[in-house]
Every structure is written in structure tokens, then in C-alpha cells.
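Pasted below: input-v9.txt, compact mmCIF, C-alpha atoms.
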# COMPACT_ATOMS: atom_id res chain seq x y z
CA MET A 1 -27.85 77.74 62.18
CA SER A 2 -28.75 78.37 58.52
CA MET A 3 -26.41 79.72 55.88
CA ASP A 4 -28.96 82.47 55.20
CA TYR A 5 -28.51 83.76 58.75
CA ILE A 6 -24.72 83.78 58.39
CA VAL A 7 -25.01 85.73 55.14
CA GLN A 8 -27.51 88.12 56.75
CA ILE A 9 -25.28 89.06 59.68
CA SER A 10 -22.12 89.07 57.57
CA LYS A 11 -23.29 92.02 55.47
CA PRO A 12 -23.28 94.64 58.27
CA MET A 13 -20.14 93.07 59.73
CA LEU A 14 -18.37 93.63 56.42
CA GLU A 15 -19.19 97.33 56.82
CA GLY A 16 -17.54 97.20 60.23
CA ALA A 17 -14.57 95.39 58.72
CA GLN A 18 -14.10 98.33 56.34
CA THR A 19 -13.74 100.64 59.34
CA THR A 20 -11.27 98.21 60.92
CA ILE A 21 -9.16 98.02 57.76
CA LEU A 22 -9.27 101.80 57.25
CA LEU A 23 -8.04 102.41 60.79
CA PHE A 24 -5.28 99.84 60.31
CA PHE A 25 -3.92 101.49 57.17
CA ILE A 26 -4.15 105.01 58.59
CA ALA A 27 -2.32 103.94 61.75
CA ILE A 28 0.40 102.00 59.92
CA ILE A 29 1.05 104.62 57.24
CA ALA A 30 1.27 107.44 59.79
CA SER A 31 2.87 105.76 62.81
CA ILE A 32 5.85 104.08 61.11
CA PRO A 33 7.41 107.29 59.72
CA LEU A 34 6.44 109.21 62.86
CA GLY A 35 8.10 106.54 64.99
CA PHE A 36 11.27 106.83 62.93
CA VAL A 37 11.27 110.61 63.44
CA PHE A 38 11.08 110.08 67.20
CA THR A 39 13.93 107.57 66.97
CA LEU A 40 16.09 110.25 65.35
CA MET A 41 15.01 112.73 68.02
CA VAL A 42 15.99 110.33 70.81
CA ARG A 43 19.46 109.99 69.28
CA SER A 44 19.78 113.73 68.68
CA ALA A 45 22.66 115.65 70.25
CA ILE A 46 20.17 118.40 71.10
CA LYS A 47 19.26 117.49 74.68
CA PRO A 48 15.80 119.17 74.90
CA LEU A 49 14.78 117.39 71.67
CA ALA A 50 15.96 114.02 72.99
CA TRP A 51 14.25 114.65 76.34
CA LEU A 52 10.98 115.54 74.60
CA ALA A 53 11.06 112.38 72.49
CA ASN A 54 11.92 110.17 75.47
CA THR A 55 9.07 111.70 77.49
CA TYR A 56 6.61 111.11 74.65
CA ILE A 57 7.70 107.48 74.27
CA TYR A 58 7.54 106.90 78.03
CA VAL A 59 4.02 108.34 78.33
CA PHE A 60 2.47 106.60 75.33
CA ARG A 61 4.10 103.23 76.01
CA GLY A 62 3.32 103.47 79.71
CA THR A 63 -0.41 104.14 79.46
CA PRO A 64 -3.13 101.89 77.98
CA LEU A 65 -4.27 102.57 74.43
CA LEU A 66 -7.89 102.53 75.63
CA LEU A 67 -7.16 105.32 78.11
CA GLN A 68 -5.54 107.37 75.35
CA MET A 69 -8.57 106.86 73.10
CA LEU A 70 -10.92 107.97 75.86
CA PHE A 71 -8.78 111.05 76.48
CA PHE A 72 -8.79 112.13 72.84
CA CYS A 73 -12.52 111.43 72.51
CA PHE A 74 -13.81 112.84 75.79
CA GLY A 75 -10.89 114.50 77.59
CA LEU A 76 -9.74 117.04 75.01
CA PRO A 77 -13.13 118.82 74.77
CA VAL A 78 -13.18 119.55 78.53
CA LEU A 79 -9.73 121.13 78.68
CA PRO A 80 -9.89 124.73 79.97
CA VAL A 81 -9.86 127.52 77.36
CA ILE A 82 -8.90 125.39 74.33
CA GLY A 83 -11.27 122.46 74.85
CA GLU A 84 -14.04 123.84 72.66
CA TYR A 85 -11.63 123.89 69.70
CA LEU A 86 -10.56 120.28 70.21
CA VAL A 87 -13.85 118.46 69.69
CA LEU A 88 -12.98 115.64 67.30
CA ASP A 89 -15.03 113.06 65.47
CA ARG A 90 -14.72 109.81 67.42
CA PHE A 91 -13.13 107.93 64.55
CA VAL A 92 -10.62 110.76 64.03
CA ALA A 93 -9.85 110.81 67.77
CA ALA A 94 -9.35 107.04 67.76
CA CYS A 95 -7.03 107.29 64.74
CA LEU A 96 -5.00 109.97 66.53
CA ALA A 97 -4.66 107.76 69.61
CA PHE A 98 -3.62 104.74 67.54
CA VAL A 99 -1.06 106.71 65.52
CA LEU A 100 0.57 108.30 68.56
CA ASN A 101 0.52 105.07 70.57
CA TYR A 102 2.02 102.88 67.88
CA ALA A 103 4.53 105.54 66.85
CA ALA A 104 5.99 105.26 70.35
CA TYR A 105 6.38 101.49 70.00
CA PHE A 106 7.83 101.75 66.50
CA ALA A 107 10.29 104.38 67.77
CA GLU A 108 11.66 101.87 70.27
CA ILE A 109 11.76 99.13 67.63
CA PHE A 110 13.76 101.33 65.26
CA ARG A 111 16.05 102.43 68.09
CA GLY A 112 16.76 98.79 68.83
CA GLY A 113 17.46 98.23 65.14
CA LEU A 114 20.01 101.05 65.12
CA LEU A 115 21.68 99.79 68.29
CA ALA A 116 22.01 96.34 66.71
CA ILE A 117 24.28 97.70 63.96
CA ASP A 118 27.96 97.24 64.74
CA LYS A 119 30.00 100.43 65.13
CA GLY A 120 32.44 98.99 62.63
CA GLN A 121 29.88 99.75 59.91
CA TYR A 122 30.26 103.47 60.59
CA GLU A 123 34.06 103.23 60.61
CA ALA A 124 34.13 101.21 57.38
CA SER A 125 31.89 103.79 55.69
CA LYS A 126 34.23 106.56 56.76
CA VAL A 127 37.23 104.67 55.37
CA LEU A 128 35.40 104.26 52.05
CA GLY A 129 34.92 108.02 51.88
CA LEU A 130 31.15 108.07 52.41
CA ASN A 131 29.74 111.19 54.00
CA LYS A 132 27.26 111.08 56.88
CA TRP A 133 24.19 111.20 54.62
CA GLN A 134 25.48 108.40 52.37
CA THR A 135 26.42 106.30 55.39
CA THR A 136 22.96 106.70 56.89
CA THR A 137 20.90 106.10 53.74
CA LYS A 138 23.01 103.45 51.99
CA VAL A 139 24.56 101.51 54.87
CA ILE A 140 22.78 102.04 58.18
CA LEU A 141 19.08 102.35 57.33
CA PRO A 142 18.85 99.25 55.07
CA GLN A 143 20.37 97.15 57.85
CA MET A 144 18.21 98.78 60.51
CA PHE A 145 14.97 98.07 58.64
CA ARG A 146 16.01 94.47 58.02
CA VAL A 147 16.63 93.98 61.75
CA ALA A 148 13.42 95.80 62.75
CA LEU A 149 11.09 94.17 60.20
CA PRO A 150 10.05 91.11 62.29
CA ALA A 151 9.16 93.31 65.27
CA VAL A 152 7.30 95.76 63.02
CA SER A 153 5.33 92.86 61.54
CA ASN A 154 4.40 91.54 65.00
CA GLU A 155 3.35 95.00 66.15
CA SER A 156 1.20 95.38 63.04
CA ILE A 157 -0.67 92.17 63.84
CA THR A 158 -1.26 93.48 67.36
CA LEU A 159 -2.63 96.66 65.80
CA VAL A 160 -5.25 94.68 63.88
CA LYS A 161 -6.50 93.11 67.11
CA ASP A 162 -6.43 96.43 68.96
CA THR A 163 -8.90 97.90 66.45
CA ALA A 164 -11.61 96.13 68.48
CA LEU A 165 -11.10 98.89 71.08
CA LEU A 166 -13.08 101.20 68.78
CA TYR A 167 -16.14 99.53 70.27
CA ALA A 168 -15.41 101.30 73.58
CA VAL A 169 -15.91 104.74 72.01
CA ALA A 170 -19.00 103.75 70.00
CA VAL A 171 -17.32 103.66 66.59
CA PRO A 172 -19.24 101.09 64.49
CA GLU A 173 -16.46 98.65 63.65
CA LEU A 174 -16.44 94.87 63.30
CA LEU A 175 -16.96 93.97 66.98
CA HIS A 176 -19.76 96.54 67.31
CA PHE A 177 -21.88 94.78 64.67
CA ALA A 178 -21.03 91.35 66.09
CA TYR A 179 -22.07 92.38 69.60
CA THR A 180 -25.30 93.91 68.28
CA ALA A 181 -26.17 90.66 66.50
CA VAL A 182 -25.40 88.59 69.63
CA ASN A 183 -27.70 90.72 71.79
CA ARG A 184 -30.46 90.67 69.19
CA ASP A 185 -30.38 86.99 68.23
CA PHE A 186 -29.11 85.34 71.45
CA THR A 187 -26.40 83.36 69.65
CA ILE A 188 -22.63 83.57 69.78
CA MET A 189 -22.21 82.78 66.08
CA PRO A 190 -21.50 86.47 65.24
CA PHE A 191 -18.47 86.35 67.55
CA PHE A 192 -17.08 83.39 65.61
CA ILE A 193 -17.59 85.26 62.34
CA CYS A 194 -15.94 88.33 63.86
CA GLY A 195 -12.99 86.17 64.90
CA CYS A 196 -12.68 84.80 61.36
CA HIS A 197 -12.64 88.34 59.95
CA LEU A 198 -9.94 89.44 62.40
CA SER A 199 -7.87 86.32 61.67
CA ALA A 200 -8.10 87.09 57.96
CA ASP A 201 -7.05 90.69 58.65
CA ASP A 202 -4.10 89.41 60.70
CA ALA A 203 -3.04 87.18 57.83
CA GLY A 204 -3.33 90.10 55.42
CA ALA A 205 -1.21 92.33 57.65
CA ASP A 206 1.40 89.58 57.91
CA VAL A 207 1.55 89.26 54.12
CA VAL A 208 1.78 93.03 53.57
CA LEU A 209 4.60 93.44 56.10
Transcribe the structure of this file into C-alpha cells.
Amino acid sequence: MSMDYIVQISKPMLEGAQTTILLFFIAIIASIPLGFVFTLMVRSAIKPLAWLANTYIYVFRGTPLLLQMLFFCFGLPVLPVIGEYLVLDRFVAACLAFVLNYAAYFAEIFRGGLLAIDKGQYEASKVLGLNKWQTTTKVILPQMFRVALPAVSNESITLVKDTALLYAVAVPELLHFAYTAVNRDFTIMPFFICGCHLSADDAGADVVL
């Protein structure tokens, strides 16, 4: 296997890697704050709001990400009445599925982080004269994010690997170009290169988070 061949197949795979990285950043940047919003909704004293958030988390954590992607790509357009207005670009539909799916997981991670904080922290803040906003922003949230960070980092690495699911909806990402090269050249070398790219992306995500 010549180095020229490796360079030749690496060029289109780098284009696919750009799609993978773009999806990763869109999903992370959107799903983390959205997940925190749902955490606050779950803990809300407004029962319908808490019920809505719990239902959302249950549905998106309880169904496969691939199924959600297929629904947003091919299911939305066939909905009665409104389907014709919900035809999305496949990459956009995949991004929507990733954001909503991972927001549900991050919501549970943040909820666990909040539950890990001792109730004495709230009482001590009250004794010190801090109002609810100051207690939340200066005492509770910093501790919550410190507790949740390892789980968020692990989930982010899982997200990098899940980007390979784009192949199922014909979005030309890293695995798409690797599979094309394997079928064309009858060699599994492109899969090894694809694995190296994904491992590098995992390492990058671990460093960032």
C-alpha cells in the first residue's frame, strides 16, 4: 500500500472530516445550554412545565438517535397538513436530531450535578444574606458544573463517534468517503484512516472539554 494512495484517499476524507467537526460543534454549542434549560424546567414548581420537560427527556433518551435522525429527515415531510413546510436539508435535520438528543442527556447530567450539591450550601448562602439569584450564580452553578464536567466530557466523546450515523441519511461525512473508497478499491485501509481521524477528533474533544 503506497503512501501516494493514502494521500489520495485522505483528501476527500478530510472533506468528510470537516462535516463531522462542524456537526460536533453545532451539537455541543446548542445542546449544552438547551440541556441546562430543560434541567431548570424539570425542577420548576410549575407542574405542566416540569411534566413537559420530563416527557421530552424520556422520549429522546428512550429512542435511538438513528431513529430520530430518520424521523427528522424523512418523517417530518409526510406529516399531514404541515409536512410540506417541514422539508429540511438532511444535514440540518441531522443537526436537529443531534441537538435534541444530546440536550436530553445533558439535562440529566446537569440535574445529577444539582442533586449532588448539599442542601447546606443553600442554607449557608441564606445566612450570608445572598438572594436567590446570587446563590444560584455564585454558589450553586459553579459547583454543579464542576461535578458535571467529567460526564459532559464523556458524552462529548460519544458525540464524536455518533457523527458516523450521518452515513445512514446520505450526508457525505468521514465514514461516507471511507466506505466509498473501500468499495472502489477493495481494501480496508480507508477504514483504518477513518478510525485515525475519529480518534484524533475524540482527543480534540477531550482537550476542549
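Distance-wise, CA of Ala181 (chain A) and CA of Ile6 (chain A) end up 10.7 Å apart.
Taking CA of Ile46 (chain A) and CA of Ala104 (chain A) as endpoints, the distance between them is 19.3 Å.
Here CA of Met69 (chain A) is placed at a distance of 8.1 Å from CA of Leu96 (chain A).
Using only C-alpha atoms for every distance, the candidate list A:Asp4, A:Asp89, A:Glu108, A:Glu173 yields A:Glu173 as the residue closest to Thr19 (chain A).
Closest approach to Ala27 (chain A) among A:Val127, A:Val147, A:Leu159, A:Val81: A:Leu159, based on all atoms listed in the file.
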Legend entry - Who sits within 10 Å of region 198-200 of chain A, only C-alpha atoms, same chain under 6 positions skipped, as a ChimeraX atom specification: /A:17,20-21,157,160-161,163-164,174-175,192,206
Inset, instruction - Write out as an MDAnalysis selection string each polymer residue whose atoms come within 8 Å of Phe38 (chain A), counting all atoms listed in the file; drop sequence neighbours fewer than 6 positions from it. - result: chainID A and resid 53 103:104 107
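Proximity of A:Ala178, A:Met189, A:Ile117, A:Val37 to Pro12 (chain A), computed with only C-alpha atoms, is greatest for A:Ala178.
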Inset, instruction - Write out as an MDAnalysis selection string the residues lying within 9 Å of Phe145 (chain A), counting all atoms listed in the file and excluding same-chain residues fewer than 5 positions away. - result: chainID A and resid 110 113:114 140
Legend entry - 9 Å contact set for Pro190 (chain A), all atoms listed in the file, chain neighbours under 3 positions out, as JSON, numbers by chain: {"A": [6, 9, 10, 13, 175, 177, 178, 179, 180, 181, 182, 187, 193, 194, 195]}
Legend entry - Shell of 10 Å around Val92 (chain A), only C-alpha atoms, local chain residues under 3 positions omitted, as a ChimeraX atom specification: /A:23,72-73,88-89,95-98
Starting from the sparse input, extend region 120-152 of chain A to N, CA and C atoms and give the output as a PDB file, in the frame of the given file.
ATOM      1  N   GLY A 120      31.492  99.149  63.726  1.00  0.00           N
ATOM      2  CA  GLY A 120      32.440  98.990  62.630  1.00  0.00           C
ATOM      3  C   GLY A 120      31.868  99.391  61.287  1.00  0.00           C
ATOM      4  N   GLN A 121      30.533  99.333  61.157  1.00  0.00           N
ATOM      5  CA  GLN A 121      29.880  99.750  59.910  1.00  0.00           C
ATOM      6  C   GLN A 121      30.113 101.240  59.659  1.00  0.00           C
ATOM      7  N   TYR A 122      30.029 102.029  60.721  1.00  0.00           N
ATOM      8  CA  TYR A 122      30.260 103.470  60.590  1.00  0.00           C
ATOM      9  C   TYR A 122      31.723 103.739  60.220  1.00  0.00           C
ATOM     10  N   GLU A 123      32.639 103.017  60.870  1.00  0.00           N
ATOM     11  CA  GLU A 123      34.060 103.230  60.610  1.00  0.00           C
ATOM     12  C   GLU A 123      34.428 102.801  59.196  1.00  0.00           C
ATOM     13  N   ALA A 124      33.860 101.681  58.738  1.00  0.00           N
ATOM     14  CA  ALA A 124      34.130 101.210  57.380  1.00  0.00           C
ATOM     15  C   ALA A 124      33.615 102.205  56.344  1.00  0.00           C
ATOM     16  N   SER A 125      32.455 102.789  56.608  1.00  0.00           N
ATOM     17  CA  SER A 125      31.890 103.790  55.690  1.00  0.00           C
ATOM     18  C   SER A 125      32.788 105.012  55.601  1.00  0.00           C
ATOM     19  N   LYS A 126      33.342 105.402  56.745  1.00  0.00           N
ATOM     20  CA  LYS A 126      34.230 106.560  56.760  1.00  0.00           C
ATOM     21  C   LYS A 126      35.509 106.277  55.968  1.00  0.00           C
ATOM     22  N   VAL A 127      36.032 105.060  56.109  1.00  0.00           N
ATOM     23  CA  VAL A 127      37.230 104.670  55.370  1.00  0.00           C
ATOM     24  C   VAL A 127      36.970 104.677  53.864  1.00  0.00           C
ATOM     25  N   LEU A 128      35.757 104.285  53.470  1.00  0.00           N
ATOM     26  CA  LEU A 128      35.400 104.260  52.050  1.00  0.00           C
ATOM     27  C   LEU A 128      35.096 105.642  51.487  1.00  0.00           C
ATOM     28  N   GLY A 129      35.126 106.651  52.343  1.00  0.00           N
ATOM     29  CA  GLY A 129      34.920 108.020  51.880  1.00  0.00           C
ATOM     30  C   GLY A 129      33.467 108.448  51.797  1.00  0.00           C
ATOM     31  N   LEU A 130      32.570 107.697  52.425  1.00  0.00           N
ATOM     32  CA  LEU A 130      31.150 108.070  52.410  1.00  0.00           C
ATOM     33  C   LEU A 130      30.901 109.168  53.430  1.00  0.00           C
ATOM     34  N   ASN A 131      30.093 110.144  53.032  1.00  0.00           N
ATOM     35  CA  ASN A 131      29.740 111.190  54.000  1.00  0.00           C
ATOM     36  C   ASN A 131      28.638 110.677  54.920  1.00  0.00           C
ATOM     37  N   LYS A 132      28.225 111.517  55.873  1.00  0.00           N
ATOM     38  CA  LYS A 132      27.260 111.080  56.880  1.00  0.00           C
ATOM     39  C   LYS A 132      25.925 110.692  56.251  1.00  0.00           C
ATOM     40  N   TRP A 133      25.458 111.473  55.284  1.00  0.00           N
ATOM     41  CA  TRP A 133      24.190 111.200  54.620  1.00  0.00           C
ATOM     42  C   TRP A 133      24.241 109.866  53.866  1.00  0.00           C
ATOM     43  N   GLN A 134      25.329 109.647  53.120  1.00  0.00           N
ATOM     44  CA  GLN A 134      25.480 108.400  52.370  1.00  0.00           C
ATOM     45  C   GLN A 134      25.580 107.200  53.314  1.00  0.00           C
ATOM     46  N   THR A 135      26.300 107.379  54.407  1.00  0.00           N
ATOM     47  CA  THR A 135      26.420 106.300  55.390  1.00  0.00           C
ATOM     48  C   THR A 135      25.061 105.923  55.961  1.00  0.00           C
ATOM     49  N   THR A 136      24.279 106.945  56.282  1.00  0.00           N
ATOM     50  CA  THR A 136      22.960 106.700  56.890  1.00  0.00           C
ATOM     51  C   THR A 136      22.011 106.035  55.911  1.00  0.00           C
ATOM     52  N   THR A 137      21.913 106.572  54.696  1.00  0.00           N
ATOM     53  CA  THR A 137      20.900 106.100  53.740  1.00  0.00           C
ATOM     54  C   THR A 137      21.290 104.811  53.029  1.00  0.00           C
ATOM     55  N   LYS A 138      22.582 104.602  52.791  1.00  0.00           N
ATOM     56  CA  LYS A 138      23.010 103.450  51.990  1.00  0.00           C
ATOM     57  C   LYS A 138      23.554 102.288  52.818  1.00  0.00           C
ATOM     58  N   VAL A 139      23.959 102.566  54.046  1.00  0.00           N
ATOM     59  CA  VAL A 139      24.560 101.510  54.870  1.00  0.00           C
ATOM     60  C   VAL A 139      23.725 101.207  56.107  1.00  0.00           C
ATOM     61  N   ILE A 140      23.404 102.250  56.870  1.00  0.00           N
ATOM     62  CA  ILE A 140      22.780 102.040  58.180  1.00  0.00           C
ATOM     63  C   ILE A 140      21.293 101.704  58.073  1.00  0.00           C
ATOM     64  N   LEU A 141      20.531 102.545  57.366  1.00  0.00           N
ATOM     65  CA  LEU A 141      19.080 102.350  57.330  1.00  0.00           C
ATOM     66  C   LEU A 141      18.655 101.009  56.719  1.00  0.00           C
ATOM     67  N   PRO A 142      19.255 100.572  55.596  1.00  0.00           N
ATOM     68  CA  PRO A 142      18.850  99.250  55.070  1.00  0.00           C
ATOM     69  C   PRO A 142      19.034  98.127  56.088  1.00  0.00           C
ATOM     70  N   GLN A 143      20.140  98.174  56.835  1.00  0.00           N
ATOM     71  CA  GLN A 143      20.370  97.150  57.850  1.00  0.00           C
ATOM     72  C   GLN A 143      19.395  97.294  59.020  1.00  0.00           C
ATOM     73  N   MET A 144      19.127  98.539  59.400  1.00  0.00           N
ATOM     74  CA  MET A 144      18.210  98.780  60.510  1.00  0.00           C
ATOM     75  C   MET A 144      16.820  98.238  60.201  1.00  0.00           C
ATOM     76  N   PHE A 145      16.317  98.522  58.994  1.00  0.00           N
ATOM     77  CA  PHE A 145      14.970  98.070  58.640  1.00  0.00           C
ATOM     78  C   PHE A 145      14.917  96.552  58.535  1.00  0.00           C
ATOM     79  N   ARG A 146      15.992  95.933  58.094  1.00  0.00           N
ATOM     80  CA  ARG A 146      16.010  94.470  58.020  1.00  0.00           C
ATOM     81  C   ARG A 146      15.951  93.863  59.419  1.00  0.00           C
ATOM     82  N   VAL A 147      16.652  94.469  60.364  1.00  0.00           N
ATOM     83  CA  VAL A 147      16.630  93.980  61.750  1.00  0.00           C
ATOM     84  C   VAL A 147      15.260  94.233  62.388  1.00  0.00           C
ATOM     85  N   ALA A 148      14.665  95.393  62.087  1.00  0.00           N
ATOM     86  CA  ALA A 148      13.420  95.800  62.750  1.00  0.00           C
ATOM     87  C   ALA A 148      12.175  95.164  62.138  1.00  0.00           C
ATOM     88  N   LEU A 149      12.281  94.638  60.917  1.00  0.00           N
ATOM     89  CA  LEU A 149      11.090  94.170  60.200  1.00  0.00           C
ATOM     90  C   LEU A 149      10.275  93.123  60.957  1.00  0.00           C
ATOM     91  N   PRO A 150      10.880  92.088  61.558  1.00  0.00           N
ATOM     92  CA  PRO A 150      10.050  91.110  62.290  1.00  0.00           C
ATOM     93  C   PRO A 150       9.251  91.739  63.427  1.00  0.00           C
ATOM     94  N   ALA A 151       9.874  92.651  64.172  1.00  0.00           N
ATOM     95  CA  ALA A 151       9.160  93.310  65.270  1.00  0.00           C
ATOM     96  C   ALA A 151       8.064  94.222  64.750  1.00  0.00           C
ATOM     97  N   VAL A 152       8.325  94.900  63.632  1.00  0.00           N
ATOM     98  CA  VAL A 152       7.300  95.760  63.020  1.00  0.00           C
ATOM     99  C   VAL A 152       6.115  94.914  62.572  1.00  0.00           C
TER     100      VAL A 152
END
